[in-house]
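Listing of query.cif; format and content: mmCIF, C-alpha atoms.
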```
data_start
#
loop_
_atom_site.label_atom_id
_atom_site.label_comp_id
_atom_site.auth_asym_id
_atom_site.auth_seq_id
_atom_site.Cartn_x
_atom_site.Cartn_y
_atom_site.Cartn_z
CA MET I 5 80.68 101.02 126.05
CA SER I 6 77.73 101.53 128.39
CA ALA I 7 75.29 98.76 129.24
CA ASP I 8 72.70 100.57 127.14
CA ASP I 9 75.03 100.58 124.12
CA ALA I 10 75.93 96.93 124.67
CA ASN I 11 72.25 96.02 124.48
CA ARG I 12 72.04 97.58 121.02
CA ARG I 13 75.20 96.41 119.30
CA TRP I 14 76.06 93.16 117.57
CA THR I 15 79.73 92.17 117.31
CA ARG I 16 81.38 90.29 114.43
CA SER I 17 80.83 86.90 116.04
CA MET I 18 77.07 87.30 116.48
CA PRO I 19 75.38 87.64 113.04
CA GLU I 20 76.14 84.05 112.00
CA ALA I 21 74.42 82.60 115.09
CA TYR I 22 71.60 85.14 114.75
CA GLU I 23 71.00 84.12 111.11
CA ARG I 24 71.36 80.38 111.71
CA HIS I 25 69.29 79.94 114.85
CA LEU I 26 66.95 82.93 115.21
CA VAL I 27 66.01 84.32 111.81
CA PRO I 28 64.10 81.26 110.52
CA VAL I 29 62.18 80.86 113.75
CA LEU I 30 61.52 84.36 115.10
CA PHE I 31 61.87 86.79 112.21
CA ARG I 32 61.07 85.16 108.86
CA PRO I 33 57.38 84.52 109.67
CA PHE I 34 56.83 88.20 110.44
CA ALA I 35 58.94 89.25 107.45
CA SER I 36 56.55 87.43 105.13
CA ASP I 37 53.59 89.18 106.74
CA MET I 38 55.23 92.61 106.55
CA ALA I 39 56.25 92.16 102.92
CA VAL I 40 52.60 91.60 101.98
CA ARG I 41 51.65 94.80 103.79
CA ALA I 42 54.45 96.70 102.07
CA ALA I 43 53.46 95.43 98.61
CA ALA I 44 49.91 96.71 99.13
CA LEU I 45 51.33 100.23 99.42
CA ARG I 46 53.06 99.98 96.00
CA PRO I 47 56.15 102.02 96.85
CA ARG I 48 58.82 102.80 94.25
CA THR I 49 61.57 103.64 96.75
CA VAL I 50 62.02 101.74 100.02
CA LEU I 51 64.33 102.34 102.99
CA GLU I 52 64.76 99.63 105.61
CA LEU I 53 66.07 100.50 109.07
CA ALA I 54 67.73 97.97 111.40
CA ALA I 55 67.79 95.43 108.58
CA GLY I 56 69.95 92.92 110.45
CA THR I 57 71.03 90.04 108.22
CA GLY I 58 68.30 90.75 105.68
CA ALA I 59 65.30 88.56 106.50
CA LEU I 60 62.80 91.31 105.73
CA THR I 61 65.03 92.69 102.96
CA SER I 62 64.72 89.46 100.99
CA ALA I 63 60.97 89.25 101.51
CA LEU I 64 60.53 92.86 100.37
CA LEU I 65 62.62 92.37 97.23
CA THR I 66 60.49 89.36 96.31
CA ALA I 67 57.23 91.20 96.98
CA LEU I 68 58.39 94.44 95.33
CA PRO I 69 60.63 93.34 92.43
CA THR I 70 60.64 96.75 90.69
CA ALA I 71 61.20 98.91 93.78
CA SER I 72 64.53 100.53 94.64
CA MET I 73 65.65 99.05 97.96
CA VAL I 74 68.12 100.51 100.46
CA ALA I 75 68.85 98.44 103.59
CA THR I 76 70.60 99.95 106.61
CA ASP I 77 71.76 98.90 110.04
CA LEU I 78 73.69 100.61 112.83
CA ASN I 79 75.98 97.62 113.26
CA GLU I 80 78.71 97.15 110.67
CA ALA I 81 78.74 93.42 111.42
CA MET I 82 75.11 93.15 110.37
CA VAL I 83 75.63 95.26 107.24
CA SER I 84 78.53 93.01 106.21
CA ALA I 85 76.51 89.84 106.79
CA GLY I 86 73.34 91.23 105.22
CA SER I 87 75.01 92.56 102.08
CA ALA I 88 76.68 89.19 101.50
CA ARG I 89 73.41 87.34 101.98
CA GLU I 90 71.17 89.72 100.02
CA PRO I 91 73.22 91.62 97.41
CA ARG I 92 70.15 92.75 95.45
CA ALA I 93 69.66 95.60 97.94
CA ARG I 94 71.93 98.62 98.36
CA TRP I 95 73.37 98.38 101.89
CA ARG I 96 74.54 101.26 104.09
CA GLN I 97 75.76 101.47 107.66
CA ALA I 98 73.54 104.16 109.18
CA ASP I 99 72.29 105.49 112.49
CA ALA I 100 68.49 105.80 112.38
CA GLN I 101 68.81 109.05 114.34
CA ALA I 102 71.01 110.65 111.64
CA LEU I 103 70.09 109.13 108.30
CA PRO I 104 72.45 109.92 105.39
CA PHE I 105 69.65 110.47 102.86
CA GLU I 106 67.97 113.47 101.25
CA ASP I 107 64.64 114.88 102.39
CA GLY I 108 61.64 113.14 100.86
CA ALA I 109 63.76 110.43 99.21
CA PHE I 110 61.52 107.43 99.99
CA ASP I 111 57.92 106.35 99.49
CA LEU I 112 58.16 103.78 102.27
CA VAL I 113 60.34 103.33 105.36
CA VAL I 114 60.15 99.90 106.99
CA CYS I 115 61.60 98.57 110.23
CA GLN I 116 60.99 95.08 111.57
CA PHE I 117 61.70 94.72 115.31
CA GLY I 118 64.22 97.54 115.31
CA VAL I 119 62.54 100.57 116.85
CA MET I 120 62.94 99.09 120.34
CA PHE I 121 66.72 99.53 119.95
CA PHE I 122 66.64 103.24 119.12
CA PRO I 123 67.96 105.19 122.15
CA ASP I 124 65.90 108.26 121.21
CA ARG I 125 62.83 107.09 119.31
CA PRO I 126 61.27 110.52 118.64
CA SER I 127 64.60 111.59 117.14
CA ALA I 128 64.68 108.50 114.90
CA TYR I 129 61.04 109.01 113.94
CA ALA I 130 61.79 112.63 113.03
CA GLU I 131 64.44 111.33 110.63
CA VAL I 132 61.87 108.92 109.17
CA ARG I 133 59.52 111.87 108.72
CA ARG I 134 62.25 113.86 107.00
CA VAL I 135 63.18 111.19 104.44
CA LEU I 136 59.57 110.27 103.64
CA GLY I 137 57.81 111.87 100.70
CA PRO I 138 54.60 113.85 101.41
CA ARG I 139 52.42 110.76 100.85
CA GLY I 140 54.95 108.31 102.24
CA ARG I 141 54.32 105.63 104.82
CA PHE I 142 56.24 104.23 107.79
CA LEU I 143 55.61 100.51 108.38
CA PHE I 144 57.20 98.96 111.47
CA SER I 145 56.78 96.37 114.18
CA SER I 146 57.68 95.75 117.81
CA TRP I 147 57.39 92.67 119.98
CA GLY I 148 54.58 92.37 122.50
CA PRO I 149 55.21 91.81 126.22
CA LEU I 150 57.70 89.09 127.10
CA ALA I 151 54.89 86.81 128.29
CA SER I 152 53.37 86.83 124.79
CA HIS I 153 56.45 85.23 123.19
CA ALA I 154 56.75 81.58 124.16
CA PHE I 155 60.37 81.13 123.06
CA ASP I 156 61.64 84.26 124.78
CA VAL I 157 59.73 83.73 128.02
CA ALA I 158 61.09 80.17 128.27
CA PHE I 159 64.62 81.41 127.62
CA GLN I 160 64.42 84.25 130.16
CA ALA I 161 63.03 81.92 132.83
CA ALA I 162 65.85 79.45 132.17
CA LEU I 163 68.42 82.25 132.30
CA GLU I 164 67.10 83.59 135.60
CA GLU I 165 67.10 80.11 137.14
CA SER I 166 70.67 79.53 135.96
CA MET I 167 71.95 82.96 137.08
CA PRO I 168 69.95 83.87 140.21
CA GLY I 169 69.97 87.63 140.69
CA GLN I 170 72.47 88.13 137.83
CA ALA I 171 70.56 87.25 134.67
CA PRO I 172 70.80 89.82 131.85
CA ALA I 173 67.52 91.69 131.41
CA PHE I 174 68.14 92.31 127.70
CA LEU I 175 65.04 90.51 126.41
CA ARG I 176 62.70 92.07 128.94
CA ASP I 177 64.14 95.59 128.70
CA VAL I 178 64.86 95.98 124.98
CA PRO I 179 63.07 93.65 122.52
CA HIS I 180 60.04 93.45 124.82
CA GLY I 181 60.38 96.91 126.36
CA TYR I 182 58.28 98.98 123.92
CA THR I 183 54.83 97.43 123.95
CA ASP I 184 52.29 100.21 124.61
CA PRO I 185 50.65 101.58 121.42
CA ASP I 186 49.77 104.81 123.23
CA VAL I 187 53.45 105.42 123.96
CA VAL I 188 54.32 104.62 120.36
CA ALA I 189 51.64 107.03 119.10
CA ALA I 190 52.96 109.80 121.35
CA ASP I 191 56.54 109.25 120.16
CA LEU I 192 55.38 109.38 116.54
CA ALA I 193 53.36 112.56 117.15
CA THR I 194 56.40 114.26 118.68
CA ALA I 195 58.21 113.60 115.40
CA GLY I 196 55.43 114.87 113.15
CA LEU I 197 54.00 111.47 112.27
CA THR I 198 50.44 110.22 112.76
CA MET I 199 49.74 106.59 113.66
CA ALA I 200 47.25 105.15 111.18
CA THR I 201 46.99 101.55 112.38
CA ALA I 202 48.27 99.34 115.20
CA GLU I 203 47.49 95.67 114.65
CA GLU I 204 48.38 92.88 117.06
CA VAL I 205 49.64 89.86 115.15
CA THR I 206 50.32 86.40 116.57
CA LEU I 207 52.24 83.93 114.42
CA LYS I 208 53.83 80.57 115.10
CA GLY I 209 57.57 80.03 115.14
CA VAL I 210 58.86 76.60 114.19
CA ALA I 211 62.29 75.60 115.52
CA GLU I 212 64.33 72.48 114.91
CA SER I 213 64.74 72.34 118.70
CA ALA I 214 64.57 74.46 121.82
CA ALA I 215 68.34 73.99 122.07
CA SER I 216 68.81 75.71 118.70
CA VAL I 217 66.83 78.77 119.85
CA ALA I 218 68.75 78.82 123.13
CA THR I 219 72.02 78.76 121.20
CA GLY I 220 70.87 81.67 119.07
CA LEU I 221 69.81 83.78 122.03
CA LEU I 222 72.97 82.93 123.99
CA THR I 223 75.43 83.59 121.17
CA GLY I 224 73.60 85.71 118.58
CA THR I 225 72.31 88.55 120.78
CA PRO I 226 73.84 90.96 123.34
CA VAL I 227 73.14 88.34 126.03
CA SER I 228 76.43 86.81 124.90
CA ALA I 229 78.38 89.83 126.18
CA ALA I 230 77.15 89.24 129.73
CA LEU I 231 78.45 85.67 129.68
CA ARG I 232 81.69 86.10 127.78
CA ALA I 233 83.87 87.14 130.73
CA ARG I 234 82.44 84.65 133.23
CA GLU I 235 84.43 81.57 134.21
CA ASP I 236 81.20 79.59 134.47
CA ALA I 237 79.87 80.72 131.06
CA GLN I 238 79.95 77.24 129.55
CA ALA I 239 78.06 75.75 132.51
CA ILE I 240 75.45 78.52 132.34
CA ARG I 241 74.91 77.98 128.61
CA ALA I 242 74.46 74.26 129.18
CA ALA I 243 72.01 74.84 132.04
CA VAL I 244 69.95 77.36 130.07
CA THR I 245 69.76 75.03 127.08
CA ARG I 246 68.68 72.12 129.26
CA LYS I 247 66.06 74.12 131.16
CA MET I 248 64.63 75.65 127.97
CA THR I 249 64.35 72.19 126.45
CA ASP I 250 62.60 70.95 129.61
CA ARG I 251 60.01 73.73 129.21
CA LEU I 252 59.37 73.47 125.48
CA GLY I 253 60.14 69.82 124.80
CA ALA I 254 62.75 67.90 122.85
CA GLY I 255 62.79 67.74 119.06
CA PRO I 256 61.01 70.23 116.79
CA VAL I 257 59.15 72.95 118.67
CA THR I 258 56.27 75.19 117.57
CA ALA I 259 55.32 78.17 119.72
CA PRO I 260 53.27 81.39 119.43
CA MET I 261 54.85 84.85 119.19
CA THR I 262 52.96 88.15 119.36
CA ALA I 263 53.94 91.50 117.88
CA THR I 264 52.27 94.78 116.97
CA VAL I 265 52.54 96.03 113.40
CA TYR I 266 52.14 99.80 112.96
CA THR I 267 51.64 102.12 110.02
CA ALA I 268 52.17 105.88 110.22
CA HIS I 269 52.25 108.82 107.83
CA PRO I 270 53.35 112.45 107.89
CA ALA I 271 50.98 114.56 109.99
#
```

Go ahead and express the file in the form of structure tokens.
Amino acid sequence: MSADDANRRWTRSMPEAYERHLVPVLFRPFASDMAVRAAALRPRTVLELAAGTGALTSALLTALPTASMVATDLNEAMVSAGSAREPRARWRQADAQALPFEDGAFDLVVCQFGVMFFPDRPSAYAEVRRVLGPRGRFLFSSWGPLASHAFDVAFQAALEESMPGQAPAFLRDVPHGYTDPDVVAADLATAGLTMATAEEVTLKGVAESAASVATGLLTGTPVSAALRAREDAQAIRAAVTRKMTDRLGAGPVTAPMTATVYTAHPA
């Protein structure tokens, strides 16, 4: 597996840590916001890409109780975890660049913090365009620059201090590597989609502790792969947790996180 692939895949051991430590803090606040936006569009058929363990899936099912909901993820480990957690949706393992659905099958395609992981975004967006109905909408989000996310910037700084010159660049390169709305608009246009809105949204994440978030990022994301084979992995994890706590404080932590929420439609 290439480094690029490793940055986009979650193994069997990771979804539990992801769900326990990261979803409540980083993803659920934005899922609530996106579900409200989705409900305003009144779709009957919804496809979710990169659904993970189902944080947005659950919010959408609550906001759209009569809609037909299909949740997908590239990673079988996430599909297994998500389907167990949120059985009301129909779950499928699927590559966003080769969706196993008929043309025009959905009124709405949604993707929360997943487009950054697509190796070929115009190709994935072309698939979104294909499965959308003529009046369909694509609603998706991406994180802002690393510096705009207080939890992630504290973690990356702690990682770089603990692994001088060897720290994984996963957070900077992937989750926070697709931040320019002009680039997003160009990728959409290549796929036959028109950007309608791009709204910057800043919400607060509330964590039981900085140590909990550090644990999630160390064991529930591809950062874990970079540490797994190292003899000093345990010492690095301890150092990162300590340094992140020093930056954000002990006990419960509240910090701002910025993302951009986009809507697009067939051109």

Using only the atoms of segment 138-156 of chain I listed in the file, plus 4 Å on each side, state the axis-aligned box centre and edge lengths in Å rounded to one decimal, as AutoDock Vina command-line options.
```
--center_x 57.0 --center_y 97.5 --center_z 114.6 --size_x 17.2 --size_y 40.7 --size_z 35.4
```

Between I:Gly56, I:Pro149, I:Pro28, I:Gly86, which has the minimum distance to Ser216 of chain I (counting all atoms listed in the file)? I:Pro28

Find the residues near Thr264 of chain I: any atom within 6 Å, counting only C-alpha atoms, skip ones fewer than 4 places away on the same chain, and give them as a ChimeraX atom specification. /I:145-146,203-205

Please list as a PyMOL selection string every residue within 10 Å of segment 110-113 of chain I, counting only C-alpha atoms and excluding residues in the same chain fewer than 6 positions away. chain I and resi 42+45-53+71-75+132-144+267-269

Write a file of the just-selected residues containing C-alpha atoms, as a CSV table (one decimal), in the frame of the given file.
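Written file, part_32.csv:
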```
chain,number,residue,atom,x,y,z
I,42,ALA,CA,54.4,96.7,102.1
I,45,LEU,CA,51.3,100.2,99.4
I,46,ARG,CA,53.1,100.0,96.0
I,47,PRO,CA,56.2,102.0,96.8
I,48,ARG,CA,58.8,102.8,94.2
I,49,THR,CA,61.6,103.6,96.8
I,50,VAL,CA,62.0,101.7,100.0
I,51,LEU,CA,64.3,102.3,103.0
I,52,GLU,CA,64.8,99.6,105.6
I,53,LEU,CA,66.1,100.5,109.1
I,71,ALA,CA,61.2,98.9,93.8
I,72,SER,CA,64.5,100.5,94.6
I,73,MET,CA,65.6,99.0,98.0
I,74,VAL,CA,68.1,100.5,100.5
I,75,ALA,CA,68.8,98.4,103.6
I,132,VAL,CA,61.9,108.9,109.2
I,133,ARG,CA,59.5,111.9,108.7
I,134,ARG,CA,62.2,113.9,107.0
I,135,VAL,CA,63.2,111.2,104.4
I,136,LEU,CA,59.6,110.3,103.6
I,137,GLY,CA,57.8,111.9,100.7
I,138,PRO,CA,54.6,113.8,101.4
I,139,ARG,CA,52.4,110.8,100.8
I,140,GLY,CA,55.0,108.3,102.2
I,141,ARG,CA,54.3,105.6,104.8
I,142,PHE,CA,56.2,104.2,107.8
I,143,LEU,CA,55.6,100.5,108.4
I,144,PHE,CA,57.2,99.0,111.5
I,267,THR,CA,51.6,102.1,110.0
I,268,ALA,CA,52.2,105.9,110.2
I,269,HIS,CA,52.2,108.8,107.8
```

In Å, how far is it from atom CA of Thr70 of chain I to atom CA of Ala88 of chain I?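 It comes out at 20.8 Å.
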
I:Ser62, I:Gly220, I:Phe105, I:Ala130 ranked by distance to Ser87 of chain I, top pick (using only C-alpha atoms):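 The closest residue to Ser87 of chain I is I:Ser62.
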
Run the PyMOL selection byres ((chain I and resi 246-253) around 8) on the file and write out the hits as a PyMOL selection string. chain I and resi 158-159+162+213-215+218+242-245+254-255+257

For atom CA of Met82 of chain I and atom CA of Tyr266 of chain I, the interatomic separation in Å (one decimal):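 Spanning atom CA of Met82 of chain I to atom CA of Tyr266 of chain I is a straight-line distance of 24.1 Å.
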
Step by step, work through what the PyMOL selection byres ((chain I and resi 179-187) around 9) selects in the shown file, and finish by giving those residues as number ranges by chain. I: 117-121, 146-150, 174-178, 188-192, 202, 263-264, 266

Expected file: the selected residues, C-alpha atoms, as a PDB file, in the coordinates of the input:
```pdb
ATOM      1  CA  PHE I 117      61.700  94.720 115.310  1.00  0.00           C
ATOM      2  CA  GLY I 118      64.220  97.540 115.310  1.00  0.00           C
ATOM      3  CA  VAL I 119      62.540 100.570 116.850  1.00  0.00           C
ATOM      4  CA  MET I 120      62.940  99.090 120.340  1.00  0.00           C
ATOM      5  CA  PHE I 121      66.720  99.530 119.950  1.00  0.00           C
ATOM      6  CA  SER I 146      57.680  95.750 117.810  1.00  0.00           C
ATOM      7  CA  TRP I 147      57.390  92.670 119.980  1.00  0.00           C
ATOM      8  CA  GLY I 148      54.580  92.370 122.500  1.00  0.00           C
ATOM      9  CA  PRO I 149      55.210  91.810 126.220  1.00  0.00           C
ATOM     10  CA  LEU I 150      57.700  89.090 127.100  1.00  0.00           C
ATOM     11  CA  PHE I 174      68.140  92.310 127.700  1.00  0.00           C
ATOM     12  CA  LEU I 175      65.040  90.510 126.410  1.00  0.00           C
ATOM     13  CA  ARG I 176      62.700  92.070 128.940  1.00  0.00           C
ATOM     14  CA  ASP I 177      64.140  95.590 128.700  1.00  0.00           C
ATOM     15  CA  VAL I 178      64.860  95.980 124.980  1.00  0.00           C
ATOM     16  CA  VAL I 188      54.320 104.620 120.360  1.00  0.00           C
ATOM     17  CA  ALA I 189      51.640 107.030 119.100  1.00  0.00           C
ATOM     18  CA  ALA I 190      52.960 109.800 121.350  1.00  0.00           C
ATOM     19  CA  ASP I 191      56.540 109.250 120.160  1.00  0.00           C
ATOM     20  CA  LEU I 192      55.380 109.380 116.540  1.00  0.00           C
ATOM     21  CA  ALA I 202      48.270  99.340 115.200  1.00  0.00           C
ATOM     22  CA  ALA I 263      53.940  91.500 117.880  1.00  0.00           C
ATOM     23  CA  THR I 264      52.270  94.780 116.970  1.00  0.00           C
ATOM     24  CA  TYR I 266      52.140  99.800 112.960  1.00  0.00           C
TER      25      TYR I 266
END
```

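Pairwise distance (atom CA of Ala211 of chain I, atom CA of Ser36 of chain I) equals 16.8 Å.
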
Residues selected by the PyMOL selection byres ((chain I and resi 224) around 8), written as a VMD selection string: chain I and resid 14 17 to 22 26 219 to 223 225 to 228

Compute the distance from (60.2, 74.8, 116.2) to each atom, counting all atoms listed in the file, keep the residues with any atom at most 7 Å away, and return them as an mmCIF file with C-alpha atoms, in the coordinates of the input; use the coordinates of the file.
```cif
data_model
loop_
_atom_site.group_PDB
_atom_site.id
_atom_site.type_symbol
_atom_site.label_atom_id
_atom_site.label_comp_id
_atom_site.auth_asym_id
_atom_site.auth_seq_id
_atom_site.Cartn_x
_atom_site.Cartn_y
_atom_site.Cartn_z
ATOM 1 C CA VAL I 29 62.180 80.860 113.750
ATOM 2 C CA GLY I 209 57.570 80.030 115.140
ATOM 3 C CA VAL I 210 58.860 76.600 114.190
ATOM 4 C CA ALA I 211 62.290 75.600 115.520
ATOM 5 C CA GLU I 212 64.330 72.480 114.910
ATOM 6 C CA SER I 213 64.740 72.340 118.700
ATOM 7 C CA PRO I 256 61.010 70.230 116.790
ATOM 8 C CA VAL I 257 59.150 72.950 118.670
ATOM 9 C CA THR I 258 56.270 75.190 117.570
ATOM 10 C CA ALA I 259 55.320 78.170 119.720
#
```

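Considering the residues I:Asn79, I:Thr201, I:Thr206, I:Gln170 and counting only C-alpha atoms, Pro260 of chain I has its shortest atom-to-atom contact with I:Thr206.
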
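Nearest residue to Gln238 of chain I among I:Thr61, I:Thr198, I:Thr262, I:Ser166 is I:Ser166, counting only C-alpha atoms.
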
Which is closer to Asp99 of chain I than all the others in I:Leu197, I:Ala54, I:Ala43, I:Ala85, using only C-alpha atoms?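 The closest residue to Asp99 of chain I is I:Ala54.
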
Subset file: segment 14-33 of chain I, N, CA, C and O atoms, as a short mmCIF file (atom, residue, chain, number, x, y, z; two decimals), in the first residue's frame:
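That gives us selection_4.cif:
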```
data_model
loop_
_atom_site.label_atom_id
_atom_site.label_comp_id
_atom_site.auth_asym_id
_atom_site.auth_seq_id
_atom_site.Cartn_x
_atom_site.Cartn_y
_atom_site.Cartn_z
N TRP I 14 -8.87 3.17 6.69
CA TRP I 14 -9.01 2.87 8.11
C TRP I 14 -9.04 1.36 8.29
O TRP I 14 -9.80 0.66 7.62
N THR I 15 -8.22 0.82 9.18
CA THR I 15 -8.17 -0.62 9.42
C THR I 15 -9.18 -0.99 10.49
O THR I 15 -9.80 -0.13 11.13
N ARG I 16 -9.34 -2.29 10.73
CA ARG I 16 -10.35 -2.80 11.65
C ARG I 16 -10.21 -2.23 13.05
O ARG I 16 -11.20 -2.07 13.77
N SER I 17 -9.00 -1.92 13.47
CA SER I 17 -8.78 -1.47 14.85
C SER I 17 -9.11 0.00 15.05
O SER I 17 -9.20 0.46 16.20
N MET I 18 -9.34 0.74 13.98
CA MET I 18 -9.45 2.20 14.10
C MET I 18 -10.85 2.76 14.33
O MET I 18 -11.00 3.76 15.04
N PRO I 19 -11.92 2.20 13.74
CA PRO I 19 -13.24 2.82 13.90
C PRO I 19 -13.70 3.00 15.34
O PRO I 19 -14.36 3.99 15.67
N GLU I 20 -13.38 2.05 16.22
CA GLU I 20 -13.82 2.17 17.61
C GLU I 20 -13.23 3.41 18.28
O GLU I 20 -13.94 4.17 18.95
N ALA I 21 -11.92 3.63 18.09
CA ALA I 21 -11.28 4.82 18.66
C ALA I 21 -11.80 6.09 17.99
O ALA I 21 -12.01 7.11 18.66
N TYR I 22 -12.00 6.03 16.69
CA TYR I 22 -12.55 7.16 15.93
C TYR I 22 -13.91 7.56 16.50
O TYR I 22 -14.18 8.73 16.77
N GLU I 23 -14.79 6.57 16.69
CA GLU I 23 -16.15 6.83 17.19
C GLU I 23 -16.11 7.32 18.63
O GLU I 23 -16.82 8.27 18.99
N ARG I 24 -15.30 6.71 19.45
CA ARG I 24 -15.27 7.03 20.89
C ARG I 24 -14.68 8.40 21.17
O ARG I 24 -15.24 9.19 21.94
N HIS I 25 -13.57 8.73 20.52
CA HIS I 25 -12.83 9.92 20.90
C HIS I 25 -13.00 11.11 19.96
O HIS I 25 -12.82 12.26 20.38
N LEU I 26 -13.29 10.86 18.68
CA LEU I 26 -13.31 11.95 17.70
C LEU I 26 -14.70 12.38 17.26
O LEU I 26 -14.95 13.57 17.10
N VAL I 27 -15.58 11.42 17.05
CA VAL I 27 -16.91 11.77 16.52
C VAL I 27 -17.65 12.77 17.39
O VAL I 27 -18.15 13.79 16.88
N PRO I 28 -17.76 12.58 18.71
CA PRO I 28 -18.52 13.54 19.51
C PRO I 28 -17.94 14.95 19.50
O PRO I 28 -18.69 15.93 19.57
N VAL I 29 -16.63 15.03 19.37
CA VAL I 29 -15.95 16.32 19.49
C VAL I 29 -15.84 17.04 18.14
O VAL I 29 -16.20 18.22 18.02
N LEU I 30 -15.36 16.34 17.12
CA LEU I 30 -15.03 16.97 15.85
C LEU I 30 -16.15 16.90 14.82
O LEU I 30 -16.32 17.83 14.02
N PHE I 31 -16.92 15.82 14.81
CA PHE I 31 -17.83 15.58 13.70
C PHE I 31 -19.31 15.79 14.01
O PHE I 31 -20.06 16.23 13.15
N ARG I 32 -19.74 15.46 15.22
CA ARG I 32 -21.17 15.58 15.51
C ARG I 32 -21.67 17.02 15.45
O ARG I 32 -22.79 17.26 14.96
N PRO I 33 -20.90 18.03 15.91
CA PRO I 33 -21.41 19.40 15.78
C PRO I 33 -21.70 19.80 14.34
O PRO I 33 -22.73 20.43 14.05
#
```
